[in-house]
Amino acid sequence: MMSGLLMARGKTGNIKPGKKHILKDFDVGKDSFGNEYIENFKRNEISTEFVGQTEDAATGAASIIVNSEGENVIVIVPGANLLVDSEDLKRAADVICKAKVIVCQLEITPATSLEALKMAHASGVKTLFNPAPAQADLHPQFYTLSDILCCNETEAEILTGLPVGNPEDAGKVGSLLLERGCKLVIVTLGAEGCVMISKEDPIPKHVPAGKVKAMDTTGAGDSFVGALAFYLAYYPNLSMEEMIRKSNFIASVSVQAPGTQSSYPYRKDLPQDLF
C-alpha cells in the first residue's frame, strides 16, 4: 500500500532507493504495525524523516484476499494516514519544492494531497497523481495540477463513469481525462499493459506488457507508479513510451511473487538494460 506522499530526487542504485533519494510523508500509529513499517523503511534505506507516529489512530492497514489467478480484493482502513495535514506539508515544504518528482494519491485526506500538488506544481516539480482509492467527485484541480495521471481500469471507471475492458475503452477514458485538464494520462490494464494519451499526442497508444504467470497482483499498480517515478526522476530523457515499457516490466516481476512491498525487486536483481 502506497501511503501519503512520495518525493524522488538524486541518484539511486536500487529500485528501493536510498534515504537521500526517496522521502515519504505520512503518519503511522504507535503500535506494532507502525514500528514494523518504520523499521522496514530503515532496512531499505528509505528516509523516515517525515514519518510521524501518533497515539490518536492506529496504523493504516489493508485486508487482502487473493484468488488462484493472482487477482485480489482489498479493503483499506486508512487509520493514521488521514491525520496527515497542512502542518505536515509545511514541515516537508523544502523537500517537496526541490524534488524532481512528487507522487500523490488518495490514501491520505484528498485536500492534503491537493495542497501538496499545488506546492509542487508552483515550484516546477513533476507531478504524478495516482487517484487510488478513486473518488467520483474529485476536485477539478487534481486534473489540472497533474502532469501525469495514472489510474487502473476500476479507478478510471469511477472517475469517468465509463467502463474499461480493453485498450480502446482506456483510450476513450484517457481522452475524457485530458479534457478535464491532465497533460498526460496512463490507464493501466493489468496483463494487457497500459494505454497512454497526452495533449501533445491525443491518439491513444497501447503499450503491451510481457506475458507472465501471476502469483499475486497485489501492489502491482504501486510497483508501476513507483518505477515510473524512478524513471521520471533519474532518466528524464527517455521517451514516455519507453518509461512505461520498463515500468510494465518491473510491475510484471512484482506479480510473480507473493505480497506487496515484499514482491518489489531490487535493482541488482533486474536486467541491467532497464537502466
# chains A, B, ... in the order shown; residues from 1 in each chain; ligands from 1
call {"tool": "select_by_dssp", "arguments": {"residues": "stretch 104-227 of chain A", "states": "strand (DSSP E)", "output": "PyMOL selection string"}}
result
chain A and resi 104-105+126-130+148-152+184-188+194-198+205-207
call {"tool": "closest_atom_pairs", "arguments": {"of": "stretch 163-191 of chain A", "to": "stretch 122-135 of chain A", "cutoff": "10 Å", "atoms": "only C-alpha atoms", "output": "CSV"}}
result
residue,atom,partner,partner_atom,distance
A:Cys182,CA,A:Phe129,CA,9.9
A:Leu184,CA,A:Leu128,CA,9.7
A:Val185,CA,A:Phe129,CA,9.7
A:Ile186,CA,A:Asn130,CA,9.7
call {"tool": "closest_atom_pairs", "arguments": {"of": "stretch 73-188 of chain A", "to": "stretch 194-207 of chain A", "cutoff": "7 Å", "atoms": "only C-alpha atoms", "output": "CSV"}}
result
residue,atom,partner,partner_atom,distance
A:Pro167,CA,A:Val195,CA,6.2
A:Ala170,CA,A:Val195,CA,6.3
A:Gly171,CA,A:Pro204,CA,5.2
A:Gly174,CA,A:Ile197,CA,6.1
A:Leu178,CA,A:Lys199,CA,6.8
A:Lys183,CA,A:Lys199,CA,5.6
A:Leu184,CA,A:Ser198,CA,4.1
A:Val185,CA,A:Ile197,CA,5.4
A:Ile186,CA,A:Met196,CA,4.5
A:Val187,CA,A:Val195,CA,5.3
A:Thr188,CA,A:Cys194,CA,4.3
call {"tool": "write_last_selection", "arguments": {"atoms": "C-alpha atoms", "output": "PDB file, in the first residue's frame"}}
result
ATOM      1  CA  PRO A 167      -7.339  -0.732 -24.722  1.00  0.00           C
ATOM      2  CA  ALA A 170      -8.963   3.024 -21.992  1.00  0.00           C
ATOM      3  CA  GLY A 171      -8.278   5.430 -24.843  1.00  0.00           C
ATOM      4  CA  GLY A 174      -7.948   8.954 -21.358  1.00  0.00           C
ATOM      5  CA  LEU A 178      -7.385  15.116 -20.912  1.00  0.00           C
ATOM      6  CA  LYS A 183      -1.373  16.749 -19.542  1.00  0.00           C
ATOM      7  CA  LEU A 184      -0.822  13.008 -19.894  1.00  0.00           C
ATOM      8  CA  VAL A 185      -2.977  10.059 -18.860  1.00  0.00           C
ATOM      9  CA  ILE A 186      -1.905   6.451 -18.344  1.00  0.00           C
ATOM     10  CA  VAL A 187      -4.563   3.776 -17.862  1.00  0.00           C
ATOM     11  CA  THR A 188      -3.068   0.513 -16.607  1.00  0.00           C
TER      12      THR A 188
END
call {"tool": "residues_around", "arguments": {"residues": "A:Asp85", "least_positions_apart": "4", "cutoff": "9 Å", "atoms": "only C-alpha atoms", "output": "list in words"}}
result
Leu89, Lys90, Ile108, Thr109, Ala111, Thr112 and Ser113 of chain A
call {"tool": "atom_distance", "arguments": {"atom1": "atom CA of A:Ser239", "atom2": "atom CA of A:Val212"}}
result
24.6 Å
call {"tool": "select_by_dssp", "arguments": {"residues": "stretch 115-159 of chain A", "states": "alpha helix (DSSP H)", "output": "count of residues only"}}
result
19
call {"tool": "atom_distance", "arguments": {"atom1": "atom CA of A:Thr59", "atom2": "atom CA of A:Gly34"}}
result
5.6 Å
call {"tool": "residues_around", "arguments": {"residues": "stretch 223-228 of chain A", "least_positions_apart": "3", "cutoff": "6 Å", "atoms": "only C-alpha atoms", "output": "ChimeraX atom specification"}}
result
/A:220,231,247,251
call {"tool": "write_last_selection", "arguments": {"atoms": "N, CA and C atoms", "output": "short mmCIF file (atom, residue, chain, number, x, y, z; two decimals), in the first residue's frame"}}
result
data_model
loop_
_atom_site.label_atom_id
_atom_site.label_comp_id
_atom_site.auth_asym_id
_atom_site.auth_seq_id
_atom_site.Cartn_x
_atom_site.Cartn_y
_atom_site.Cartn_z
N ALA A 220 0.75 -4.34 -7.62
CA ALA A 220 1.33 -4.17 -8.95
C ALA A 220 1.20 -2.73 -9.44
N TYR A 231 11.94 6.48 -13.12
CA TYR A 231 12.43 6.84 -14.45
C TYR A 231 12.25 8.33 -14.73
N SER A 247 8.52 0.25 -16.87
CA SER A 247 7.71 0.16 -15.65
C SER A 247 6.77 -1.04 -15.71
N ALA A 251 6.65 -4.03 -12.93
CA ALA A 251 5.38 -4.46 -12.32
C ALA A 251 5.12 -5.94 -12.58
#
call {"tool": "residues_around", "arguments": {"residues": "A:Gly181", "least_positions_apart": "5", "cutoff": "12 Å", "atoms": "only C-alpha atoms", "output": "VMD selection string"}}
result
chain A and resid 139 to 149 174 to 176 198 to 199
call {"tool": "atom_distance", "arguments": {"atom1": "atom CA of A:Ala116", "atom2": "atom CA of A:Ala136"}}
result
20.2 Å
call {"tool": "residues_around", "arguments": {"residues": "A:Glu55", "least_positions_apart": "4", "cutoff": "12 Å", "atoms": "only C-alpha atoms", "output": "PyMOL selection string"}}
result
chain A and resi 27-31+34+59+79-80+83
call {"tool": "residues_around", "arguments": {"residues": "A:Asp94", "least_positions_apart": "2", "cutoff": "12 Å", "atoms": "only C-alpha atoms", "output": "PyMOL selection string"}}
result
chain A and resi 7+23+50+88-92+96-99+116+119-120+123+125
call {"tool": "closest_residue", "arguments": {"among": "A:Asn40, A:Leu162, A:Ser47, A:Thr218", "to": "A:Val95", "atoms": "only C-alpha atoms"}}
result
A:Ser47
call {"tool": "closest_residue", "arguments": {"among": "A:Asp269, A:Glu39, A:Glu153, A:Glu168", "to": "A:Ala191", "atoms": "only C-alpha atoms"}}
result
A:Glu153
